[in-house]
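Engineer: One file is attached below, input-v7.cif, containing mmCIF, C-alpha atoms.
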```cif
data_entry
#
loop_
_atom_site.label_atom_id
_atom_site.label_comp_id
_atom_site.auth_asym_id
_atom_site.auth_seq_id
_atom_site.Cartn_x
_atom_site.Cartn_y
_atom_site.Cartn_z
CA MET A 1 35.54 -1.81 -12.62
CA ASN A 2 34.93 1.22 -14.71
CA VAL A 3 31.85 2.94 -13.29
CA VAL A 4 29.94 5.21 -15.65
CA ASP A 5 28.31 8.04 -13.74
CA ASP A 6 25.96 9.20 -16.49
CA PRO A 7 22.88 6.94 -16.43
CA GLU A 8 22.34 7.68 -20.12
CA GLU A 9 25.66 6.03 -20.93
CA GLN A 10 25.12 3.02 -18.67
CA HIS A 11 24.19 -0.24 -20.35
CA PRO A 12 20.45 -0.82 -19.70
CA THR A 13 21.15 -4.25 -18.20
CA LEU A 14 22.82 -2.50 -15.25
CA ALA A 15 19.44 -1.01 -14.34
CA LEU A 16 17.75 -4.42 -14.21
CA ASP A 17 16.91 -5.53 -10.68
CA ASP A 18 17.33 -9.28 -10.07
CA THR A 19 14.28 -9.38 -7.79
CA VAL A 20 12.01 -7.69 -10.31
CA HIS A 21 13.52 -9.08 -13.51
CA GLN A 22 12.31 -12.62 -12.79
CA ARG A 23 9.42 -13.12 -15.21
CA VAL A 24 6.77 -14.31 -12.73
CA ARG A 25 7.58 -11.58 -10.21
CA LEU A 26 7.47 -9.03 -13.01
CA GLY A 27 4.05 -10.40 -13.94
CA ILE A 28 2.81 -10.07 -10.34
CA LEU A 29 4.00 -6.46 -10.15
CA ALA A 30 2.51 -5.64 -13.56
CA ILE A 31 -0.94 -6.94 -12.60
CA ALA A 32 -0.82 -5.36 -9.13
CA ARG A 33 0.08 -2.00 -10.75
CA GLU A 34 -3.31 -1.85 -12.48
CA ALA A 35 -5.42 -2.29 -9.35
CA GLU A 36 -5.62 -1.21 -5.75
CA SER A 37 -5.30 -4.83 -4.61
CA VAL A 38 -5.30 -8.23 -6.25
CA ASP A 39 -6.44 -11.54 -4.84
CA PHE A 40 -4.07 -14.54 -4.57
CA ALA A 41 -6.49 -16.71 -6.56
CA PHE A 42 -6.70 -14.08 -9.33
CA LEU A 43 -2.91 -13.94 -9.64
CA LYS A 44 -2.68 -17.72 -9.63
CA GLN A 45 -5.21 -17.94 -12.45
CA GLU A 46 -3.76 -15.11 -14.53
CA LEU A 47 -0.20 -16.38 -14.25
CA GLY A 48 -1.05 -20.07 -14.42
CA LEU A 49 0.94 -20.98 -11.30
CA THR A 50 0.56 -23.44 -8.45
CA ASP A 51 -0.18 -22.22 -4.90
CA GLY A 52 3.33 -23.04 -3.69
CA ASN A 53 5.06 -21.38 -6.60
CA LEU A 54 3.07 -18.17 -6.31
CA SER A 55 3.57 -18.09 -2.53
CA ARG A 56 7.33 -18.38 -2.97
CA HIS A 57 7.48 -15.47 -5.41
CA LEU A 58 5.15 -13.35 -3.25
CA LYS A 59 7.41 -13.99 -0.24
CA VAL A 60 10.42 -12.69 -2.19
CA LEU A 61 8.52 -9.57 -3.25
CA GLU A 62 7.12 -9.00 0.25
CA ASP A 63 10.54 -9.40 1.87
CA SER A 64 11.91 -6.82 -0.57
CA GLY A 65 9.14 -4.39 0.37
CA LEU A 66 7.73 -4.35 -3.16
CA VAL A 67 4.29 -5.69 -2.25
CA ALA A 68 2.18 -5.84 0.91
CA VAL A 69 0.29 -9.04 1.60
CA ASN A 70 -2.88 -8.91 3.71
CA LYS A 71 -4.83 -11.97 4.77
CA GLY A 72 -8.52 -11.80 5.56
CA TYR A 73 -11.81 -13.57 5.17
CA ALA A 74 -14.75 -13.17 2.80
CA GLY A 75 -17.42 -14.93 4.85
CA ARG A 76 -15.74 -18.20 5.80
CA ARG A 77 -13.44 -18.18 2.80
CA PRO A 78 -9.87 -17.07 3.52
CA ARG A 79 -8.57 -14.50 1.05
CA THR A 80 -5.10 -13.07 0.52
CA TRP A 81 -4.83 -9.61 -1.00
CA VAL A 82 -1.67 -8.32 -2.63
CA THR A 83 -1.04 -4.57 -2.86
CA LEU A 84 1.78 -2.88 -4.71
CA THR A 85 3.84 -0.60 -2.45
CA THR A 86 5.33 2.72 -3.57
CA ALA A 87 8.73 1.04 -3.75
CA GLY A 88 7.17 -1.71 -5.87
CA ALA A 89 5.64 0.79 -8.29
CA GLU A 90 8.99 2.57 -8.62
CA ALA A 91 10.87 -0.71 -9.11
CA LEU A 92 8.41 -1.78 -11.81
CA ALA A 93 8.71 1.55 -13.60
CA ARG A 94 12.54 1.30 -13.47
CA GLU A 95 12.46 -2.26 -14.81
CA LEU A 96 10.16 -1.34 -17.69
CA ARG A 97 12.32 1.68 -18.53
CA ALA A 98 15.42 -0.52 -18.56
CA LEU A 99 13.72 -3.15 -20.73
CA ARG A 100 12.56 -0.51 -23.21
CA ALA A 101 16.07 0.96 -23.34
CA LEU A 102 17.49 -2.51 -23.92
CA VAL A 103 15.02 -3.22 -26.73
CA HIS A 104 15.81 0.16 -28.26
CA ARG A 105 19.55 -0.55 -28.08
CA LEU A 106 19.13 -3.99 -29.62
CA ASP A 107 16.93 -2.61 -32.38
CA ALA A 108 19.48 0.10 -33.12
CA ALA A 109 22.30 -2.46 -33.27
CA GLY A 110 20.46 -4.43 -35.98
CA PRO A 111 20.32 -8.24 -36.43
CA PRO A 112 23.22 -10.39 -35.11
CA PRO A 113 25.76 -11.59 -37.70
CA ALA A 114 24.99 -14.98 -39.24
CA MET B 1 0.62 -14.43 -20.70
CA ASP B 2 1.13 -16.05 -24.06
CA THR B 3 4.65 -14.76 -24.66
CA LEU B 4 6.10 -14.86 -21.16
CA HIS B 5 8.14 -17.94 -22.02
CA ARG B 6 10.41 -15.82 -24.21
CA ASP B 7 13.63 -14.70 -22.64
CA ASP B 8 14.34 -11.74 -24.87
CA PRO B 9 13.61 -8.29 -23.47
CA ALA B 10 11.10 -7.48 -26.20
CA GLY B 11 9.14 -10.62 -25.40
CA LEU B 12 9.24 -9.91 -21.67
CA LEU B 13 8.12 -6.35 -22.27
CA ALA B 14 5.29 -7.45 -24.57
CA ALA B 15 4.16 -10.09 -22.07
CA THR B 16 4.16 -7.54 -19.25
CA GLU B 17 2.13 -5.10 -21.30
CA GLY B 18 -0.22 -7.95 -22.21
CA LEU B 19 -0.76 -8.78 -18.54
CA ARG B 20 -1.47 -5.15 -17.71
CA ALA B 21 -3.94 -4.85 -20.59
CA ARG B 22 -5.67 -8.04 -19.49
CA ALA B 23 -5.94 -6.79 -15.91
CA ARG B 24 -7.42 -3.52 -17.19
CA THR B 25 -9.95 -5.51 -19.22
CA ARG B 26 -11.05 -7.28 -16.04
CA LEU B 27 -11.59 -3.88 -14.38
CA ARG B 28 -13.72 -2.44 -17.17
CA GLY B 29 -17.40 -1.84 -16.54
CA ALA B 30 -18.38 1.51 -18.03
CA GLY B 31 -21.27 -0.09 -19.91
CA VAL B 32 -23.21 -0.20 -16.64
CA PRO B 33 -22.91 3.55 -15.80
CA LEU B 34 -23.80 4.43 -19.41
CA LEU B 35 -26.88 2.20 -19.39
CA GLY B 36 -27.82 3.31 -15.86
CA PHE B 37 -27.67 7.01 -16.66
CA GLY B 38 -29.37 6.33 -20.01
CA LEU B 39 -32.30 4.69 -18.24
CA LEU B 40 -32.42 7.53 -15.70
CA ALA B 41 -32.51 10.05 -18.56
CA LEU B 42 -35.21 8.00 -20.27
CA ALA B 43 -37.30 8.03 -17.08
CA ALA B 44 -37.02 11.86 -17.06
CA VAL B 45 -38.40 12.22 -20.61
CA PRO B 46 -42.07 12.64 -19.49
CA ILE B 47 -41.01 15.55 -17.24
CA ALA B 48 -38.31 16.80 -19.62
CA ARG B 49 -39.48 20.42 -19.55
CA GLU B 50 -38.88 20.67 -15.81
CA ALA B 51 -36.05 18.14 -15.58
CA TYR B 52 -33.84 19.75 -18.22
CA ASN B 53 -35.17 23.27 -18.19
CA PHE B 54 -35.13 23.52 -21.99
CA GLY B 55 -36.27 26.80 -23.43
CA ALA B 56 -36.66 28.70 -20.15
CA THR B 57 -35.85 32.03 -21.72
CA GLY B 58 -34.82 34.94 -19.59
CA ARG B 59 -34.25 33.07 -16.34
CA THR B 60 -30.98 32.97 -14.47
CA ILE B 61 -29.59 30.68 -11.85
CA THR B 62 -30.21 33.33 -9.21
CA SER B 63 -33.72 34.20 -10.36
CA TYR B 64 -34.99 30.63 -10.07
CA PRO B 65 -35.38 30.66 -6.27
CA ALA B 66 -37.11 34.03 -6.55
CA PHE B 67 -39.56 32.82 -9.21
CA ALA B 68 -40.21 29.61 -7.23
CA TYR B 69 -40.86 31.64 -4.08
CA ALA B 70 -43.18 33.97 -5.98
CA GLU B 71 -45.15 31.10 -7.48
CA TYR B 72 -45.40 29.38 -4.09
CA ASN B 73 -46.84 32.53 -2.49
CA HIS B 74 -48.93 33.49 -5.54
CA LEU B 75 -47.08 36.77 -5.78
CA CYS B 76 -47.50 38.59 -9.02
CA VAL B 77 -44.21 39.19 -10.78
CA GLN B 78 -45.44 40.62 -14.05
CA HIS B 79 -48.47 42.52 -15.29
CA GLY B 80 -49.28 42.52 -19.00
CA ALA B 81 -50.14 46.23 -19.00
CA LEU B 82 -50.92 48.87 -16.45
CA ASP B 83 -53.82 47.75 -14.18
CA SER B 84 -54.16 44.46 -16.11
CA PRO B 85 -54.33 41.11 -14.25
CA CYS B 86 -51.21 39.31 -13.21
CA VAL B 87 -49.63 37.14 -15.93
CA THR B 88 -49.60 33.86 -14.04
CA SER B 89 -48.06 31.97 -16.96
CA ASP B 90 -44.94 33.96 -16.26
CA PHE B 91 -44.25 31.65 -13.34
CA ASP B 92 -43.49 29.00 -15.95
CA GLY B 93 -43.67 26.13 -13.43
CA ALA B 94 -40.86 27.76 -11.49
CA ILE B 95 -41.33 25.58 -8.40
CA LEU B 96 -41.11 22.34 -10.36
CA ARG B 97 -38.13 23.56 -12.38
CA PHE B 98 -36.29 24.70 -9.29
CA LEU B 99 -37.03 21.43 -7.46
CA ALA B 100 -36.04 19.31 -10.47
CA TRP B 101 -32.77 21.22 -10.73
CA GLY B 102 -32.02 20.66 -7.05
CA VAL B 103 -33.11 17.02 -7.01
CA TRP B 104 -30.69 16.16 -9.82
CA PHE B 105 -27.84 17.58 -7.76
CA VAL B 106 -28.67 15.01 -5.07
CA LEU B 107 -29.73 12.14 -7.31
CA LEU B 108 -26.81 12.16 -9.75
CA PRO B 109 -24.01 12.14 -7.13
CA LEU B 110 -25.91 9.36 -5.33
CA ALA B 111 -26.02 7.42 -8.61
CA TRP B 112 -22.25 7.86 -9.05
CA PHE B 113 -21.70 6.77 -5.46
CA ALA B 114 -23.79 3.64 -6.04
CA LEU B 115 -21.78 2.90 -9.19
CA ALA B 116 -18.50 3.31 -7.29
CA ARG B 117 -19.76 0.82 -4.71
CA TRP B 118 -20.79 -1.55 -7.50
CA TYR B 119 -17.31 -1.32 -9.11
CA ARG B 120 -15.69 -2.12 -5.76
CA ARG B 121 -17.99 -5.01 -4.87
CA ARG B 122 -17.56 -6.51 -8.31
CA GLY B 123 -13.77 -6.10 -7.99
CA GLU B 124 -13.77 -7.87 -4.63
CA ALA B 125 -15.78 -10.73 -6.10
CA ARG B 126 -13.47 -11.00 -9.13
CA GLY B 127 -10.30 -10.71 -7.07
CA ILE B 128 -9.07 -7.45 -8.60
CA VAL B 129 -10.17 -4.25 -6.85
CA PRO B 130 -10.01 -1.00 -8.86
CA HIS B 131 -8.04 2.02 -7.67
CA ARG B 132 -9.99 4.37 -5.40
CA SER B 133 -7.92 7.33 -6.57
CA ALA B 134 -9.65 7.62 -9.98
CA TRP B 135 -13.07 7.92 -8.34
CA LEU B 136 -11.86 10.40 -5.74
CA GLY B 137 -10.15 12.43 -8.47
CA ALA B 138 -13.30 12.43 -10.59
CA THR B 139 -15.42 13.52 -7.62
CA ALA B 140 -13.02 16.33 -6.77
CA ALA B 141 -12.74 17.48 -10.41
CA THR B 142 -16.52 17.47 -10.88
CA ALA B 143 -17.12 19.35 -7.62
CA VAL B 144 -14.52 21.99 -8.49
CA VAL B 145 -15.76 22.49 -12.09
CA LEU B 146 -19.44 22.66 -11.17
CA THR B 147 -18.89 24.92 -8.15
CA ALA B 148 -16.78 27.26 -10.27
CA VAL B 149 -19.44 27.36 -13.03
CA VAL B 150 -22.33 27.91 -10.62
CA LEU B 151 -20.47 30.63 -8.70
CA THR B 152 -19.41 32.33 -11.93
CA LEU B 153 -22.96 32.27 -13.30
CA ALA B 154 -24.37 33.52 -10.01
CA PHE B 155 -21.92 36.26 -9.09
CA ALA B 156 -19.78 37.27 -12.07
CA ASP B 157 -20.47 40.73 -13.49
CA ARG B 158 -19.67 39.65 -17.01
CA VAL B 159 -20.18 35.95 -17.77
CA PRO B 160 -17.56 34.62 -20.22
CA PHE B 161 -18.90 33.79 -23.67
CA SER B 162 -18.09 30.10 -23.29
CA LEU B 163 -20.22 29.93 -20.16
CA SER B 164 -23.05 31.95 -21.65
CA LEU B 165 -23.45 29.04 -24.10
CA LEU B 166 -25.05 27.17 -21.22
CA GLY B 167 -28.12 29.11 -22.12
CA ASN B 168 -30.36 31.15 -19.84
CA ASP B 169 -27.51 31.19 -17.32
CA TYR B 170 -28.65 27.75 -16.26
CA ALA B 171 -26.02 25.17 -15.30
CA SER B 172 -27.39 21.70 -15.88
CA PRO B 173 -26.57 19.09 -13.24
CA TRP B 174 -26.19 16.60 -16.09
CA TYR B 175 -22.70 17.97 -16.75
CA MET B 176 -21.84 15.96 -13.62
CA VAL B 177 -22.54 12.79 -15.60
CA ASP B 178 -20.50 14.01 -18.58
CA ILE B 179 -17.43 14.88 -16.51
CA GLY B 180 -17.68 11.51 -14.79
CA LEU B 181 -17.92 9.69 -18.14
CA LEU B 182 -14.89 11.59 -19.46
CA VAL B 183 -12.82 10.56 -16.42
CA LEU B 184 -14.11 6.98 -16.63
CA GLY B 185 -13.28 6.88 -20.35
CA PHE B 186 -9.69 7.95 -19.65
CA THR B 187 -9.37 5.56 -16.69
CA GLU B 188 -10.65 2.59 -18.66
CA ARG B 189 -8.92 3.79 -21.85
CA SER B 190 -12.21 3.70 -23.71
CA PRO B 191 -12.59 6.33 -26.46
CA LEU B 192 -16.26 5.36 -26.73
CA VAL B 193 -17.02 6.26 -23.10
CA ALA B 194 -14.97 9.47 -23.11
CA GLY B 195 -16.43 10.41 -26.51
CA THR B 196 -19.97 9.81 -25.28
CA GLY B 197 -19.34 12.09 -22.27
CA LEU B 198 -18.01 14.79 -24.58
CA VAL B 199 -20.77 14.48 -27.21
CA HIS B 200 -23.45 14.42 -24.50
CA ALA B 201 -22.01 17.59 -22.94
CA VAL B 202 -21.88 19.38 -26.29
CA LEU B 203 -25.39 18.27 -27.23
CA LEU B 204 -26.72 19.30 -23.81
CA THR B 205 -25.10 22.73 -24.17
CA VAL B 206 -26.56 23.24 -27.64
CA LEU B 207 -30.03 22.10 -26.57
CA LEU B 208 -29.98 24.24 -23.43
CA GLY B 209 -28.75 27.22 -25.38
CA GLU B 210 -31.50 27.30 -27.97
CA SER B 211 -34.77 28.95 -27.16
CA SER B 212 -38.11 27.18 -27.35
CA GLY B 213 -39.37 26.82 -30.92
CA GLY B 214 -36.01 27.76 -32.42
CA SER B 215 -34.57 24.30 -32.86
CA TRP B 216 -31.71 23.71 -35.30
CA LEU B 217 -33.32 20.37 -36.07
CA PRO B 218 -37.04 20.80 -36.93
CA TRP B 219 -37.98 17.34 -35.67
CA LEU B 220 -36.29 18.11 -32.39
CA ASP B 221 -38.57 20.88 -31.29
CA GLY B 222 -39.88 20.25 -27.82
CA PRO B 223 -38.31 19.22 -24.53
CA ARG B 224 -39.32 15.56 -24.76
CA SER B 225 -37.67 14.88 -28.11
CA LYS B 226 -34.52 16.64 -26.91
CA ALA B 227 -34.50 14.59 -23.70
CA LEU B 228 -35.11 11.43 -25.74
CA LEU B 229 -32.12 12.22 -27.94
CA LEU B 230 -29.89 12.70 -24.87
CA ALA B 231 -31.15 9.46 -23.29
CA GLY B 232 -30.80 7.60 -26.60
CA LEU B 233 -27.18 8.67 -26.95
CA LEU B 234 -26.32 7.24 -23.52
CA LEU B 235 -28.29 4.03 -24.10
CA VAL B 236 -26.79 3.30 -27.53
CA ALA B 237 -23.25 3.97 -26.26
CA GLY B 238 -23.99 1.86 -23.18
CA LEU B 239 -25.14 -1.10 -25.27
CA ALA B 240 -22.09 -0.82 -27.53
CA GLN B 241 -19.73 -0.64 -24.53
CA TRP B 242 -21.49 -3.49 -22.76
CA ALA B 243 -21.18 -5.67 -25.87
CA ALA B 244 -17.49 -4.78 -26.18
CA GLU B 245 -16.85 -5.68 -22.52
CA ARG B 246 -18.45 -9.09 -22.98
CA ARG B 247 -16.01 -9.96 -25.76
CA THR B 248 -13.14 -11.07 -23.49
CA PRO B 249 -10.26 -12.41 -25.57
CA ALA B 250 -9.13 -15.94 -24.87
CA VAL B 251 -5.50 -15.92 -23.71
CA SER B 252 -3.29 -18.96 -23.43
CA ARG B 253 -0.80 -19.15 -20.58
CA THR B 254 2.63 -20.69 -20.94
CA VAL B 255 4.54 -19.65 -17.84
CA THR B 256 7.79 -21.29 -17.00
CA PRO B 257 8.60 -20.00 -13.54
#
```
In structure tokens, how does this file's structure come out?

Structural biologist:
Amino acid sequence: MNVVDDPEEQHPTLALDDTVHQRVRLGILAIAREAESVDFAFLKQELGLTDGNLSRHLKVLEDSGLVAVNKGYAGRRPRTWVTLTTAGAEALARELRALRALVHRLDAAGPPPA
Amino acid sequence: MDTLHRDDPAGLLAATEGLRARARTRLRGAGVPLLGFGLLALAAVPIAREAYNFGATGRTITSYPAFAYAEYNHLCVQHGALDSPCVTSDFDGAILRFLAWGVWFVLLPLAWFALARWYRRRGEARGIVPHRSAWLGATAATAVVLTAVVLTLAFADRVPFSLSLLGNDYASPWYMVDIGLLVLGFTERSPLVAGTGLVHAVLLTVLLGESSGGSWLPWLDGPRSKALLLAGLLLVAGLAQWAAERRTPAVSRTVTP
């Protein structure tokens, strides 16, 4: 495999992280980036997911150290708060950079041949 | 999340940006600080002369305690002519002006603190809690700027021209509100809020700088009309911002996990 050392010359897809590139997980990170912490119910509503589906994606992100999940109570109501970690913020920034570079490259290449 | 079903990078990027923008919309709330400070300014209109210190010619930030002390002890600070009675009007309500100046420095930070608590409580109820860092940054920036201005006005041998515009060497505590609104405007990406902070600061500087009876707008002569203008600016901007925040766009969600 021919490894290109210069990141500028690398194809942007090489910078895409499989954990982050999944669309729902990218959505979770994007929302969490804007706030100090986000509630499970808020994420579920914003992303239009089921409890099980969101839990599965949060587990993947938590295991990768990209988010921290804290469970607590508001009165008697259990609440789960999701916080973006520093690694998560960096991973999101890398992913967005790679996506922008990819879009730029595709735009520069022009439309595909008919 | 209306375009998250698209697999192309541009669609994914647009959907991500859309989610971030929507989250920011849910965090917005600057209409409340604008209306709150507007109402506070409106309440100060009847005591505008003391509260804003408009047209207090010849006083400096360091002379205020001295004048207040003199008035409190009925000490004469100025005689009209040799052996003439003391000119008591020279006190110019120095105690009230000094107290009003000091009270604002307590009241306005307390108001900001209450607003920060309100933002947080509302965030907890909505399920999206705003960053603490913006508020801490704004507090630090305001404290540094105001301390620097007050120290410069009090101790500098030659006050820079830009600072002398504050008029009568008097630093108004209301700049605390303007700096806060500027930071809030940048945080919430609202040109209206940042612009209001800037316009209010400029207007306050101009109004503080002009002497009594020398208004650049004839109908604006007198502390109460000036205070009303400042309060009106905050209230109108607050109503406009509040109306804008209530218009939450409807977004369809088509996620395919």

Engineer: Near chain B, meaning an atom within 6 Å, which residues of chain A appear when counting only C-alpha atoms? Write them as a list in words.

Structural biologist: Ala30, Ile31, Ala35, Glu36, Ser37, Val38, Asp39, Phe42, Leu99 and Val103 of chain A

Engineer: Kindly extract all protein, DNA and RNA residues lying within 12 Å of the coordinates (12.9, -13.7, -10.8) given in the file, considering only C-alpha atoms, and supply them as a PyMOL selection string.

Structural biologist: (chain A and resi 16-29+53-54+56-61) or (chain B and resi 7+256-257)

Engineer: I'd like the neighbourhood of range 64-70 of chain A as a list in words, where a residue qualifies if any of its atoms comes within 6 Å (using all atoms listed in the file), though same-chain residues fewer than 2 positions away should be ignored.

Structural biologist: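 What passes the distance filter is Leu61, Glu62, Thr80, Trp81, Val82, Thr83, Leu84, Thr85, Ala87 and Gly88 of chain A.
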
Engineer: I need the residue set behind the PyMOL selection byres ((chain B and resi 185-201) around 9) for this file; please write it as a PyMOL selection string.

Structural biologist: chain B and resi 24-25+27-31+34+134+174-175+177-184+202-206+230+233-234+237-238+240-241

Engineer: Grab the CA of Phe105 in chain B to CA of Ala231 in chain B distance for me, in Å with one decimal place.

Structural biologist: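 These atoms are spaced 17.8 Å apart.
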
Engineer: Between CA of Tyr52 in chain B and CA of Ala94 in chain B, what is the spacing in Å?

Structural biologist: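 Atom-to-atom, CA of Ala94 in chain B to CA of Tyr52 in chain B, that is 12.6 Å.
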
Engineer: Apply the PyMOL selection byres ((chain B and resi 227) around 8) to the displayed file and report the matching residues as number ranges by chain.

Structural biologist: B: 41-42, 44-45, 48, 52, 223-226, 228-231

Engineer: Taking all atoms listed in the file into account, name the residue in B:Leu39, B:Val103, B:Ala51, B:Ile95 that is nearest to Ala66 in chain B.

Structural biologist: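 When distances to Ala66 in chain B are compared using all atoms listed in the file, the smallest one comes from B:Ile95.
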
Engineer: Distance CA of Tyr119 in chain B-CA of Ala89 in chain A, one decimal place?

Structural biologist: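 According to the coordinates, CA of Tyr119 in chain B and CA of Ala89 in chain A are separated by 23.1 Å.
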